[in-house]
file target17.csv (CSV, C-alpha atoms)
chain,number,residue,atom,x,y,z
P,1,MET,CA,-7.4,-14.3,-7.0
P,2,ASN,CA,-6.7,-11.2,-9.2
P,3,LYS,CA,-8.2,-11.5,-12.6
P,4,PHE,CA,-6.9,-9.7,-15.7
P,5,LEU,CA,-8.3,-9.5,-19.2
P,6,LEU,CA,-6.1,-11.1,-21.9
P,7,VAL,CA,-7.1,-10.0,-25.4
P,8,GLU,CA,-5.0,-12.1,-27.8
P,9,ASP,CA,-5.9,-14.0,-30.9
P,10,SER,CA,-2.8,-16.2,-30.9
P,11,ALA,CA,-3.6,-19.6,-29.4
P,12,LEU,CA,0.1,-20.2,-28.8
P,13,VAL,CA,0.5,-17.0,-26.8
P,14,VAL,CA,-2.6,-17.8,-24.7
P,15,LYS,CA,-1.3,-21.3,-24.1
P,16,VAL,CA,2.1,-20.0,-22.9
P,17,ILE,CA,0.6,-17.4,-20.6
P,18,ASN,CA,-1.9,-20.0,-19.1
P,19,HIS,CA,1.0,-22.4,-18.6
P,20,LEU,CA,3.0,-19.8,-16.7
P,21,LEU,CA,-0.1,-19.1,-14.6
P,22,LYS,CA,-0.6,-22.8,-13.6
P,23,THR,CA,1.4,-22.5,-10.4
P,24,SER,CA,0.2,-18.9,-9.7
P,25,THR,CA,-1.9,-18.3,-6.6
P,26,ASP,CA,-2.4,-14.6,-7.2
P,27,LEU,CA,-3.2,-14.1,-10.9
P,28,ALA,CA,-5.8,-15.6,-13.4
P,29,ALA,CA,-6.5,-14.7,-17.0
P,30,GLU,CA,-9.8,-14.4,-18.7
P,31,VAL,CA,-9.3,-14.6,-22.4
P,32,ALA,CA,-10.9,-12.8,-25.3
P,33,THR,CA,-9.7,-13.6,-28.8
P,34,SER,CA,-11.2,-10.6,-30.6
P,35,LYS,CA,-12.4,-7.0,-30.1
P,36,LYS,CA,-16.0,-8.2,-30.3
P,37,GLN,CA,-15.5,-10.7,-27.5
P,38,ALA,CA,-13.5,-8.2,-25.4
P,39,ILE,CA,-16.4,-5.7,-25.7
P,40,GLU,CA,-18.9,-8.3,-24.6
P,41,MET,CA,-16.8,-9.4,-21.6
P,42,LEU,CA,-16.2,-5.8,-20.5
P,43,ARG,CA,-19.8,-5.0,-20.9
P,44,THR,CA,-20.9,-7.8,-18.6
P,45,ALA,CA,-18.1,-7.4,-16.1
P,46,LYS,CA,-17.9,-5.0,-13.2
P,47,ARG,CA,-15.2,-2.3,-13.5
P,48,SER,CA,-13.4,-3.8,-10.5
P,49,GLU,CA,-13.5,-7.3,-11.8
P,50,TYR,CA,-10.2,-6.9,-13.7
P,51,VAL,CA,-7.0,-5.6,-12.2
P,52,ALA,CA,-5.6,-4.8,-15.6
P,53,ALA,CA,-5.8,-5.6,-19.3
P,54,VAL,CA,-3.1,-7.3,-21.5
P,55,VAL,CA,-4.0,-6.5,-25.1
P,56,ASP,CA,-2.6,-7.5,-28.4
P,57,LEU,CA,-2.0,-4.4,-30.5
P,58,HIS,CA,-3.1,-5.9,-33.8
P,59,LEU,CA,-6.2,-8.1,-33.8
P,60,PRO,CA,-8.1,-9.3,-36.9
P,61,ASP,CA,-11.1,-7.1,-36.1
P,62,ALA,CA,-9.0,-4.3,-34.5
P,63,PRO,CA,-5.8,-4.0,-36.5
P,64,ASP,CA,-4.9,-0.5,-35.4
P,65,GLY,CA,-4.9,-0.8,-31.6
P,66,GLU,CA,-8.6,-0.1,-31.1
P,67,VAL,CA,-8.8,-2.4,-28.1
P,68,VAL,CA,-6.0,-0.6,-26.4
P,69,ASP,CA,-7.9,2.6,-26.7
P,70,LEU,CA,-11.0,0.8,-25.4
P,71,THR,CA,-9.4,-0.5,-22.2
P,72,LEU,CA,-7.7,2.8,-21.5
P,73,LYS,CA,-11.0,4.6,-21.9
P,74,LEU,CA,-12.5,2.3,-19.3
P,75,GLY,CA,-9.7,3.1,-16.9
P,76,LEU,CA,-8.0,-0.3,-17.0
P,77,PRO,CA,-4.3,-0.3,-16.6
P,78,THR,CA,-3.2,-1.7,-19.9
P,79,ILE,CA,-0.1,-3.7,-21.0
P,80,VAL,CA,0.3,-3.9,-24.8
P,81,LEU,CA,1.6,-6.9,-26.7
P,82,THR,CA,3.0,-6.5,-30.2
P,83,GLY,CA,4.5,-9.0,-32.6
P,84,SER,CA,7.0,-6.4,-34.0
P,85,LEU,CA,8.4,-3.1,-33.0
P,86,ASN,CA,9.4,-0.2,-35.2
P,87,GLU,CA,9.9,3.5,-34.5
P,88,HIS,CA,6.3,4.3,-35.5
P,89,THR,CA,4.8,1.7,-33.2
P,90,ARG,CA,7.1,2.7,-30.4
P,91,ASP,CA,6.1,6.4,-30.7
P,92,GLN,CA,2.5,5.3,-30.9
P,93,MET,CA,2.7,3.4,-27.6
P,94,ILE,CA,4.7,6.0,-25.8
P,95,ASP,CA,2.0,8.6,-26.5
P,96,LYS,CA,-0.6,6.5,-24.8
P,97,PRO,CA,-1.0,6.2,-21.0
P,98,ILE,CA,-0.2,2.5,-21.0
P,99,VAL,CA,1.7,0.6,-18.3
P,100,ASP,CA,4.2,-0.7,-20.9
P,101,TYR,CA,4.5,-2.4,-24.2
P,102,ILE,CA,6.1,-5.8,-24.7
P,103,VAL,CA,7.4,-7.4,-27.9
P,104,LYS,CA,6.3,-11.1,-28.3
P,105,GLU,CA,9.7,-12.6,-28.7
P,106,SER,CA,10.1,-15.5,-26.2
P,107,ARG,CA,8.9,-17.0,-23.0
P,108,PHE,CA,10.7,-14.3,-21.2
P,109,SER,CA,8.3,-11.7,-22.7
P,110,TYR,CA,5.3,-13.4,-21.1
P,111,GLU,CA,7.1,-13.9,-17.8
P,112,TYR,CA,7.7,-10.1,-17.9
P,113,VAL,CA,3.9,-9.6,-18.5
P,114,LEU,CA,3.2,-11.4,-15.2
P,115,LYS,CA,6.0,-9.6,-13.4
P,116,LEU,CA,4.4,-6.3,-14.5
P,117,LEU,CA,1.0,-7.4,-13.4
P,118,ARG,CA,2.3,-8.2,-9.9
P,119,ARG,CA,4.2,-4.9,-9.9
P,120,LEU,CA,0.9,-3.1,-10.5
P,121,LEU,CA,-0.7,-5.0,-7.6
P,122,LYS,CA,2.1,-3.9,-5.3
P,123,ASN,CA,2.1,-0.4,-6.5
P,124,LYS,CA,-1.5,0.1,-5.3
P,125,GLU,CA,-0.1,0.0,-1.8
P,126,ILE,CA,2.9,2.4,-2.5
P,127,ASP,CA,2.8,6.1,-1.8
P,128,VAL,CA,4.9,8.6,-3.8
P,129,LEU,CA,5.6,12.2,-3.1
P,130,VAL,CA,6.2,14.6,-6.1
P,131,VAL,CA,7.9,17.8,-5.1
P,132,ASP,CA,7.9,20.7,-7.7
P,133,ASP,CA,6.8,24.3,-7.6
P,134,SER,CA,5.4,23.9,-11.1
P,135,VAL,CA,1.8,22.7,-11.1
P,136,THR,CA,2.1,21.7,-14.8
P,137,SER,CA,5.2,19.5,-14.0
P,138,ARG,CA,3.5,17.9,-10.9
P,139,THR,CA,0.4,17.1,-13.0
P,140,TYR,CA,2.5,15.5,-15.7
P,141,LEU,CA,4.5,13.4,-13.3
P,142,LYS,CA,1.3,12.4,-11.3
P,143,GLN,CA,-0.3,11.1,-14.5
P,144,LEU,CA,2.8,9.0,-15.3
P,145,LEU,CA,2.8,7.6,-11.8
P,146,ASN,CA,-1.0,7.0,-11.8
P,147,ASN,CA,-0.5,4.9,-15.0
P,148,GLN,CA,1.6,2.6,-12.8
P,149,GLN,CA,-1.2,2.5,-10.1
P,150,LEU,CA,0.9,4.4,-7.6
P,151,ARG,CA,-0.7,6.6,-5.0
P,152,VAL,CA,0.6,10.1,-5.5
P,153,HIS,CA,0.9,13.0,-3.1
P,154,GLU,CA,2.1,16.5,-4.1
P,155,ALA,CA,4.2,19.3,-2.5
P,156,SER,CA,5.1,22.6,-4.0
P,157,ASP,CA,8.4,23.1,-2.1
P,158,GLY,CA,10.9,21.4,0.2
P,159,THR,CA,9.3,22.6,3.5
P,160,GLU,CA,5.9,21.2,2.5
P,161,ALA,CA,7.6,18.0,1.4
P,162,ILE,CA,9.3,17.4,4.8
P,163,ALA,CA,6.0,18.1,6.6
P,164,LEU,CA,4.2,15.5,4.4
P,165,LEU,CA,7.0,12.9,5.0
P,166,GLN,CA,6.7,13.4,8.8
P,167,GLN,CA,2.9,13.0,8.6
P,168,ASP,CA,2.9,10.0,6.3
P,169,PRO,CA,5.4,7.2,7.0
P,170,ASN,CA,4.0,5.1,4.1
P,171,ILE,CA,5.7,7.3,1.5
P,172,GLN,CA,8.3,5.1,-0.1
P,173,LEU,CA,9.4,7.2,-3.1
P,174,LEU,CA,10.1,10.9,-3.5
P,175,ILE,CA,10.6,12.7,-6.8
P,176,THR,CA,12.0,16.2,-6.6
P,177,ASP,CA,12.8,19.0,-9.0
P,178,TYR,CA,16.0,20.9,-8.4
P,179,HIS,CA,14.8,24.5,-9.0
P,180,MET,CA,12.4,25.4,-6.2
P,181,PRO,CA,11.9,28.5,-4.0
P,182,ASN,CA,13.2,28.6,-0.4
P,183,MET,CA,14.9,25.1,-0.7
P,184,ASN,CA,16.3,23.6,-3.8
P,185,GLY,CA,16.1,19.8,-4.6
P,186,ILE,CA,19.7,19.1,-3.3
P,187,GLU,CA,19.0,20.9,0.0
P,188,LEU,CA,15.8,18.9,0.4
P,189,VAL,CA,17.7,15.6,-0.1
P,190,LYS,CA,20.3,16.7,2.5
P,191,ASN,CA,17.6,17.5,5.0
P,192,ILE,CA,15.9,14.2,4.4
P,193,ARG,CA,19.0,12.1,4.7
P,194,GLN,CA,20.0,13.7,8.0
P,195,ASN,CA,16.9,12.0,9.5
P,196,THR,CA,17.5,8.2,9.8
P,197,THR,CA,13.7,7.7,9.8
P,198,PHE,CA,13.8,8.2,6.1
P,199,ASP,CA,16.8,5.8,5.4
P,200,ASP,CA,14.6,3.5,3.2
P,201,LEU,CA,13.0,6.4,1.2
P,202,VAL,CA,13.9,6.2,-2.5
P,203,ILE,CA,14.7,9.7,-3.9
P,204,ILE,CA,14.9,10.6,-7.6
P,205,GLY,CA,16.2,14.0,-8.6
P,206,ILE,CA,15.0,15.9,-11.7
P,207,SER,CA,16.2,19.0,-13.5
P,208,SER,CA,15.9,20.6,-16.9
P,209,HIS,CA,19.7,20.6,-17.2
P,210,ASP,CA,22.7,18.8,-15.7
P,211,THR,CA,25.3,21.5,-15.7
P,212,ASN,CA,28.1,21.6,-13.0
P,213,GLY,CA,27.6,18.0,-12.2
P,214,LEU,CA,24.1,18.4,-10.9
P,215,SER,CA,23.3,14.7,-11.2
P,216,ALA,CA,26.5,13.8,-9.2
P,217,GLN,CA,25.6,16.4,-6.5
P,218,PHE,CA,22.1,14.9,-6.1
P,219,ILE,CA,23.5,11.4,-5.8
P,220,LYS,CA,26.4,12.4,-3.5
P,221,ASN,CA,23.9,14.0,-1.1
P,222,GLY,CA,21.7,10.9,-0.9
P,223,ALA,CA,19.5,10.7,-4.0
P,224,ASN,CA,19.1,7.2,-5.5
P,225,ASP,CA,18.8,8.4,-9.1
P,226,PHE,CA,18.6,11.4,-11.4
P,227,LEU,CA,16.7,12.3,-14.6
P,228,THR,CA,17.4,15.2,-17.0
P,229,LYS,CA,14.3,16.8,-18.6
P,230,PRO,CA,13.0,16.3,-21.1
P,231,PHE,CA,12.9,12.5,-20.6
P,232,SER,CA,10.7,10.0,-22.3
P,233,ASN,CA,7.7,8.5,-20.5
P,234,GLU,CA,9.3,5.1,-21.1
P,235,GLU,CA,12.6,6.0,-19.4
P,236,PHE,CA,10.8,7.6,-16.4
P,237,GLN,CA,8.6,4.4,-15.9
P,238,CYS,CA,11.7,2.2,-16.1
P,239,ARG,CA,13.6,4.3,-13.6
P,240,VAL,CA,10.7,4.3,-11.1
P,241,ILE,CA,10.1,0.5,-11.4
P,242,HIS,CA,13.9,-0.2,-11.1
P,243,ASN,CA,14.2,1.9,-7.9
P,244,LEU,CA,11.1,0.4,-6.3
P,245,GLU,CA,12.4,-3.1,-7.0
P,246,ALA,CA,15.8,-2.3,-5.6
P,247,LEU,CA,14.1,-1.0,-2.4
P,248,GLU,CA,12.2,-4.3,-2.1
P,249,ASN,CA,15.3,-6.3,-2.5
P,250,ILE,CA,17.1,-4.3,0.2
P,251,ARG,CA,14.2,-4.8,2.5
P,252,LYS,CA,14.2,-8.5,1.8
P,253,ILE,CA,17.9,-8.7,2.7
P,254,LYS,CA,17.3,-6.7,5.9
P,255,GLN,CA,14.3,-9.0,6.8
P,256,ALA,CA,16.4,-12.1,6.2
P,257,ALA,CA,19.2,-10.7,8.5
P,258,HIS,CA,16.7,-10.2,11.3
P,259,THR,CA,14.6,-13.3,10.9
P,260,ASP,CA,15.1,-16.9,12.1
P,261,TYR,CA,15.2,-19.1,9.0
P,262,LEU,CA,13.1,-21.9,10.5
P,263,THR,CA,10.4,-20.3,12.5
P,264,ASN,CA,10.1,-16.8,10.9
P,265,LEU,CA,10.3,-15.3,14.3
P,266,PRO,CA,12.7,-12.4,14.8
P,267,ASN,CA,16.2,-13.6,15.6
P,268,ARG,CA,18.7,-12.9,18.5
P,269,ARG,CA,20.3,-10.0,16.6
P,270,TYR,CA,17.0,-8.2,16.0
P,271,PHE,CA,15.8,-8.8,19.6
P,272,GLN,CA,19.0,-7.4,21.1
P,273,SER,CA,18.7,-4.2,19.0
P,274,LYS,CA,15.0,-3.8,19.7
P,275,ALA,CA,15.3,-4.6,23.4
P,276,ASN,CA,18.1,-2.0,23.9
P,277,GLU,CA,15.8,0.6,22.4
P,278,ILE,CA,12.9,-0.4,24.7
P,279,LEU,CA,15.1,-0.5,27.8
P,280,ASP,CA,16.5,3.0,27.1
P,281,GLN,CA,12.9,4.2,27.0
P,282,HIS,CA,12.1,2.6,30.4
P,283,LYS,CA,15.2,3.8,32.3
P,284,SER,CA,13.1,6.5,34.0
P,285,LYS,CA,10.3,4.0,34.7
P,286,PRO,CA,11.9,1.1,36.5
P,287,GLY,CA,9.8,-1.9,37.5
P,288,ILE,CA,7.4,-1.9,34.5
P,289,CYS,CA,9.3,-3.9,32.0
P,290,THR,CA,10.1,-7.6,32.3
P,291,LEU,CA,12.3,-10.0,30.4
P,292,ALA,CA,11.6,-13.7,30.1
P,293,ILE,CA,13.9,-16.5,28.7
P,294,ILE,CA,11.8,-19.5,27.7
P,295,ASP,CA,13.2,-23.0,27.0
P,296,ILE,CA,11.2,-26.0,25.7
P,297,ASP,CA,11.6,-28.9,28.2
P,298,HIS,CA,13.4,-32.1,27.1
P,299,PHE,CA,13.7,-31.0,23.5
P,300,LYS,CA,16.6,-33.3,22.8
P,301,ARG,CA,14.4,-36.2,23.8
P,302,ILE,CA,11.8,-35.1,21.2
P,303,ASN,CA,14.4,-35.1,18.5
P,304,ASP,CA,15.7,-38.5,19.6
P,305,GLN,CA,12.3,-40.1,19.9
P,306,TYR,CA,10.4,-38.6,17.0
P,307,GLY,CA,13.2,-37.4,14.7
P,308,HIS,CA,14.5,-34.0,13.7
P,309,ASP,CA,11.6,-33.2,11.4
P,310,ALA,CA,9.3,-33.5,14.3
P,311,GLY,CA,11.6,-31.3,16.4
P,312,ASP,CA,11.4,-28.7,13.7
P,313,GLN,CA,7.6,-28.9,13.6
P,314,VAL,CA,7.5,-28.4,17.4
P,315,LEU,CA,9.7,-25.3,17.1
P,316,ILE,CA,7.6,-23.9,14.3
P,317,GLU,CA,4.3,-24.5,16.1
P,318,PHE,CA,5.6,-23.2,19.4
P,319,SER,CA,6.9,-20.1,17.7
P,320,ASP,CA,3.5,-19.5,16.0
P,321,LEU,CA,1.8,-19.8,19.5
P,322,ILE,CA,4.3,-17.3,20.9
P,323,ALA,CA,3.6,-14.9,18.1
P,324,GLN,CA,-0.2,-15.2,18.6
P,325,GLY,CA,0.0,-15.0,22.4
P,326,PHE,CA,2.4,-12.1,22.7
P,327,GLN,CA,1.9,-10.2,19.5
P,328,ARG,CA,2.0,-6.7,21.1
P,329,PHE,CA,5.4,-7.5,22.8
P,330,THR,CA,8.9,-8.2,21.6
P,331,PHE,CA,10.0,-11.8,21.1
P,332,ALA,CA,12.6,-13.8,19.3
P,333,ARG,CA,14.0,-17.3,18.8
P,334,ALA,CA,17.4,-17.1,20.6
P,335,GLY,CA,18.6,-20.4,19.1
P,336,GLY,CA,17.9,-24.1,19.5
P,337,GLU,CA,14.8,-24.4,21.8
P,338,GLU,CA,15.3,-21.1,23.6
P,339,PHE,CA,13.2,-18.0,23.1
P,340,TYR,CA,13.3,-14.4,24.4
P,341,LEU,CA,10.3,-12.4,25.5
P,342,LEU,CA,10.4,-8.7,26.5
P,343,LEU,CA,7.2,-7.3,28.0
P,344,PRO,CA,7.4,-3.5,28.4
P,345,GLY,CA,4.6,-1.9,30.4
P,346,LEU,CA,4.2,-4.9,32.6
P,347,LYS,CA,5.3,-5.3,36.2
P,348,THR,CA,6.9,-8.7,37.0
P,349,ALA,CA,3.7,-9.8,38.7
P,350,GLN,CA,1.6,-9.0,35.6
P,351,ALA,CA,4.2,-10.7,33.4
P,352,ILE,CA,4.1,-13.8,35.6
P,353,LYS,CA,0.4,-14.1,35.2
P,354,LEU,CA,0.5,-13.7,31.5
P,355,ILE,CA,3.3,-16.2,30.9
P,356,GLU,CA,1.8,-18.7,33.4
P,357,ASN,CA,-1.5,-18.6,31.4
P,358,PHE,CA,0.6,-19.3,28.3
P,359,ARG,CA,2.4,-22.2,30.0
P,360,GLU,CA,-0.9,-23.8,31.0
P,361,MET,CA,-2.2,-23.5,27.4
P,362,ILE,CA,1.0,-25.0,26.0
P,363,GLU,CA,0.8,-27.9,28.5
P,364,ASP,CA,-2.7,-28.8,27.1
P,365,HIS,CA,-1.8,-28.1,23.4
P,366,LEU,CA,-1.6,-31.3,21.2
P,367,ILE,CA,0.9,-31.2,18.4
P,368,LEU,CA,-0.1,-33.4,15.6
P,369,LEU,CA,2.8,-35.1,13.8
P,370,GLU,CA,2.7,-37.0,10.5
P,371,GLN,CA,2.1,-40.4,12.3
P,372,ASP,CA,1.9,-39.4,15.9
P,373,SER,CA,1.2,-36.6,18.4
P,374,LEU,CA,2.8,-35.2,21.4
P,375,THR,CA,2.5,-32.4,24.1
P,376,ILE,CA,5.3,-30.2,25.3
P,377,THR,CA,6.1,-28.0,28.3
P,378,PHE,CA,8.5,-25.2,28.9
P,379,SER,CA,10.4,-23.5,31.7
P,380,ALA,CA,11.0,-19.8,32.0
P,381,GLY,CA,13.2,-17.4,34.0
P,382,LEU,CA,11.9,-13.9,34.5
P,383,ALA,CA,13.8,-10.7,35.5
P,384,GLY,CA,12.2,-7.2,36.1
P,385,PHE,CA,14.1,-4.3,34.6
P,386,ASN,CA,15.5,-1.8,37.1
P,387,GLY,CA,17.9,0.2,35.0
P,388,GLU,CA,20.6,-2.5,34.4
P,389,SER,CA,22.0,-3.2,30.9
P,390,LEU,CA,20.5,-5.9,28.7
P,391,PRO,CA,23.4,-8.3,29.2
P,392,GLU,CA,22.9,-8.0,33.0
P,393,LEU,CA,19.2,-8.5,32.7
P,394,MET,CA,19.6,-11.5,30.5
P,395,ARG,CA,22.1,-13.0,33.0
P,396,VAL,CA,19.6,-12.8,35.8
P,397,ALA,CA,16.8,-14.3,33.7
P,398,ASP,CA,19.1,-17.1,32.5
P,399,ALA,CA,20.1,-18.0,36.0
P,400,ARG,CA,16.4,-18.2,37.0
P,401,LEU,CA,15.7,-20.3,33.9
P,402,TYR,CA,18.4,-22.7,35.2
P,403,SER,CA,16.7,-22.7,38.6
P,404,ALA,CA,13.3,-23.6,37.0
P,405,LYS,CA,14.9,-26.5,35.1
P,406,ASN,CA,16.6,-27.8,38.3
P,407,SER,CA,13.3,-27.5,40.2
P,408,GLY,CA,11.5,-30.0,37.9
P,409,ARG,CA,10.8,-28.0,34.7
P,410,ASN,CA,7.4,-26.9,33.4
P,411,GLN,CA,7.4,-23.8,35.7
P,412,LEU,CA,8.4,-20.2,36.0
P,413,CYS,CA,11.1,-18.8,38.2
P,414,TRP,CA,11.2,-15.1,39.1
P,415,GLU,CA,13.2,-15.0,42.3
P,416,ASP,CA,16.8,-15.9,43.2

call {"tool": "encode", "arguments": {"input": "target17.csv", "output": "structure tokens"}}
result
Amino acid sequence: MNKFLLVEDSALVVKVINHLLKTSTDLAAEVATSKKQAIEMLRTAKRSEYVAAVVDLHLPDAPDGEVVDLTLKLGLPTIVLTGSLNEHTRDQMIDKPIVDYIVKESRFSYEYVLKLLRRLLKNKEIDVLVVDDSVTSRTYLKQLLNNQQLRVHEASDGTEAIALLQQDPNIQLLITDYHMPNMNGIELVKNIRQNTTFDDLVIIGISSHDTNGLSAQFIKNGANDFLTKPFSNEEFQCRVIHNLEALENIRKIKQAAHTDYLTNLPNRRYFQSKANEILDQHKSKPGICTLAIIDIDHFKRINDQYGHDAGDQVLIEFSDLIAQGFQRFTFARAGGEEFYLLLPGLKTAQAIKLIENFREMIEDHLILLEQDSLTITFSAGLAGFNGESLPELMRVADARLYSAKNSGRNQLCWED
């Protein structure tokens, strides 16, 4: 559980936030109602005990934001709560290295607090690359990004940036200036987008002017966003968060498109795409890649006897066992009670031994239902890869699965 320090004298605000946290499994608040209590809690706590601080700007014993300065001085990512907002207060907040400020207006305000806290936790695992030939600009951007708990890398030109991207596949966001020696920002974006490896990389372009449609040129060449200098810290933080959340949503959609809704295994579409890649890599190495099609025996009987909920439980548990037993290989739920398994690097004899051991384990595995229990078996057809296409290989494996079923089930078939 990730604890954060909540410094707030309003009992109502504390009550609302604690109510929102009731169903939370990742966040918990420790509450201080005054500067004095906050100092005592921070004095006795370890630095790593709190992931962040959520601080009321105006407290009875700290009316001028003194607790905000305190938590920032201690290096705690700080979210500021304020009951009202005017130009002076906004300018005061923007000048501080806080995560964000939030006006206490409604339940949505406190939901946004929790959203920001979760964003900070995610950001700790996100790498960002800042590309600019100006050390001063890089240092400034790095500070803004560090305020959001992002891990920042630096490059002084496009060539260095491309080298860093190739070395570190974990970089998810790139922020580049336009004016740089050797390769300007737009040329850098073009180079990056020509490599499909970086399709998911978020790119934000920056320039001190937007003449001749510079922002449009950045975006037309593959950038996700553009900022004109000088920009406010607040605008920069909003753009960064917005783009990272958009990236997460795209990844969720892609994941859903490639994942079986019931078992969370990869689905047929993903398997076919991945299997084609693997077979292409093994065309010059025939005989050391094996495909298996696996089918749970008498699955209709399970549904008829125990009900469809039990059938779903069987599929889920069987899928979990496949994922555990063959985690270094490629597998998928093909549909119904049928599964695909591709074992690159294994000759058919090796694949037979591995799947046979799995078959014996499944045969002895007891599945506990709500009011009953059962055991299952499966049949499998295997086909060694010798340069044929995936559809041809699947046709052979499927025919052998049919033979295994006709020969009594609960067995493997690897020959015609």

call {"tool": "atom_distance", "arguments": {"input": "target17.csv", "atom1": "CA of Thr211 in chain P", "atom2": "CA of His179 in chain P"}}
result
12.8 Å

call {"tool": "residues_around", "arguments": {"input": "target17.csv", "residues": "Ala216 in chain P", "least_positions_apart": "6", "cutoff": "12 Å", "atoms": "only C-alpha atoms", "output": "tab-separated table (two decimals) with C-alpha atoms, keeping the file's coordinate frame"}}
result
chain	number	residue	atom	x	y	z
P	186	ILE	CA	19.70	19.10	-3.30
P	205	GLY	CA	16.20	14.00	-8.60
P	206	ILE	CA	15.00	15.90	-11.70
P	210	ASP	CA	22.70	18.80	-15.70
P	222	GLY	CA	21.70	10.90	-0.90
P	223	ALA	CA	19.50	10.70	-4.00
P	224	ASN	CA	19.10	7.20	-5.50
P	225	ASP	CA	18.80	8.40	-9.10
P	226	PHE	CA	18.60	11.40	-11.40
P	227	LEU	CA	16.70	12.30	-14.60

call {"tool": "residues_around", "arguments": {"input": "target17.csv", "residues": "Arg359 in chain P", "least_positions_apart": "4", "cutoff": "10 Å", "atoms": "only C-alpha atoms", "output": "list in words"}}
result
Lys353, Leu354, Ile355, Glu363, Asp364, His365, Ile376, Thr377, Phe378, Ser379, Ala380, Asn410, Gln411 and Leu412 of chain P

call {"tool": "write_last_selection", "arguments": {"input": "target17.csv", "atoms": "C-alpha atoms", "output": "PDB file, in the frame of the given file"}}
result
ATOM      1  CA  LYS P 353       0.400 -14.100  35.200  1.00  0.00           C
ATOM      2  CA  LEU P 354       0.500 -13.700  31.500  1.00  0.00           C
ATOM      3  CA  ILE P 355       3.300 -16.200  30.900  1.00  0.00           C
ATOM      4  CA  GLU P 363       0.800 -27.900  28.500  1.00  0.00           C
ATOM      5  CA  ASP P 364      -2.700 -28.800  27.100  1.00  0.00           C
ATOM      6  CA  HIS P 365      -1.800 -28.100  23.400  1.00  0.00           C
ATOM      7  CA  ILE P 376       5.300 -30.200  25.300  1.00  0.00           C
ATOM      8  CA  THR P 377       6.100 -28.000  28.300  1.00  0.00           C
ATOM      9  CA  PHE P 378       8.500 -25.200  28.900  1.00  0.00           C
ATOM     10  CA  SER P 379      10.400 -23.500  31.700  1.00  0.00           C
ATOM     11  CA  ALA P 380      11.000 -19.800  32.000  1.00  0.00           C
ATOM     12  CA  ASN P 410       7.400 -26.900  33.400  1.00  0.00           C
ATOM     13  CA  GLN P 411       7.400 -23.800  35.700  1.00  0.00           C
ATOM     14  CA  LEU P 412       8.400 -20.200  36.000  1.00  0.00           C
TER      15      LEU P 412
END

call {"tool": "residues_around", "arguments": {"input": "target17.csv", "residues": "Val396 in chain P", "least_positions_apart": "5", "cutoff": "12 Å", "atoms": "only C-alpha atoms", "output": "NGL selection string"}}
result
:P and (290-293 or 380-386 or 388-391 or 401-403 or 413-416)

call {"tool": "closest_residue", "arguments": {"input": "target17.csv", "among": "P:Leu374, P:Leu279, P:Leu150, P:Val189", "to": "Ile162 in chain P", "atoms": "all atoms listed in the file"}}
result
P:Val189

call {"tool": "residues_around", "arguments": {"input": "target17.csv", "residues": "Thr176 in chain P", "least_positions_apart": "6", "cutoff": "7 Å", "atoms": "all atoms listed in the file", "output": "VMD selection string"}}
result
chain P and resid 130 to 132 185 204 to 206

call {"tool": "residues_near_point", "arguments": {"input": "target17.csv", "point": "(11.4, -11.6, 15.0)", "cutoff": "12 Å", "atoms": "all atoms listed in the file", "output": "number ranges by chain"}}
result
P: 254-275, 319-320, 322-323, 326-327, 329-334, 339-342

call {"tool": "residues_around", "arguments": {"input": "target17.csv", "residues": "Leu144 in chain P", "least_positions_apart": "6", "cutoff": "10 Å", "atoms": "all atoms listed in the file", "output": "PDB file with C-alpha atoms, in the coordinates of the input"}}
result
ATOM      1  CA  PRO P  97      -1.000   6.200 -21.000  1.00  0.00           C
ATOM      2  CA  ILE P  98      -0.200   2.500 -21.000  1.00  0.00           C
ATOM      3  CA  VAL P  99       1.700   0.600 -18.300  1.00  0.00           C
ATOM      4  CA  ARG P 138       3.500  17.900 -10.900  1.00  0.00           C
ATOM      5  CA  LEU P 150       0.900   4.400  -7.600  1.00  0.00           C
ATOM      6  CA  ASN P 233       7.700   8.500 -20.500  1.00  0.00           C
ATOM      7  CA  GLU P 234       9.300   5.100 -21.100  1.00  0.00           C
ATOM      8  CA  PHE P 236      10.800   7.600 -16.400  1.00  0.00           C
ATOM      9  CA  GLN P 237       8.600   4.400 -15.900  1.00  0.00           C
TER      10      GLN P 237
END

call {"tool": "atom_distance", "arguments": {"input": "target17.csv", "atom1": "CA of Gly65 in chain P", "atom2": "CA of Leu85 in chain P"}}
result
13.6 Å

call {"tool": "closest_residue", "arguments": {"input": "target17.csv", "among": "P:His88, P:Leu57, P:Asn221, P:Ser232", "to": "Asn191 in chain P", "atoms": "all atoms listed in the file"}}
result
P:Asn221

call {"tool": "closest_residue", "arguments": {"input": "target17.csv", "among": "P:Asp157, P:Glu49, P:Glu370, P:Glu40", "to": "Ala28 in chain P", "atoms": "only C-alpha atoms"}}
result
P:Glu49

call {"tool": "residues_near_point", "arguments": {"input": "target17.csv", "point": "(16.6, -24.8, 27.0)", "cutoff": "8 Å", "atoms": "only C-alpha atoms", "output": "PyMOL selection string"}}
result
chain P and resi 294-299+336-338+379

call {"tool": "atom_distance", "arguments": {"input": "target17.csv", "atom1": "CA of Leu72 in chain P", "atom2": "CA of Ala53 in chain P"}}
result
8.9 Å

call {"tool": "closest_residue", "arguments": {"input": "target17.csv", "among": "P:Asn86, P:Gln166, P:Ile175, P:Lys36", "to": "Leu129 in chain P", "atoms": "only C-alpha atoms"}}
result
P:Ile175
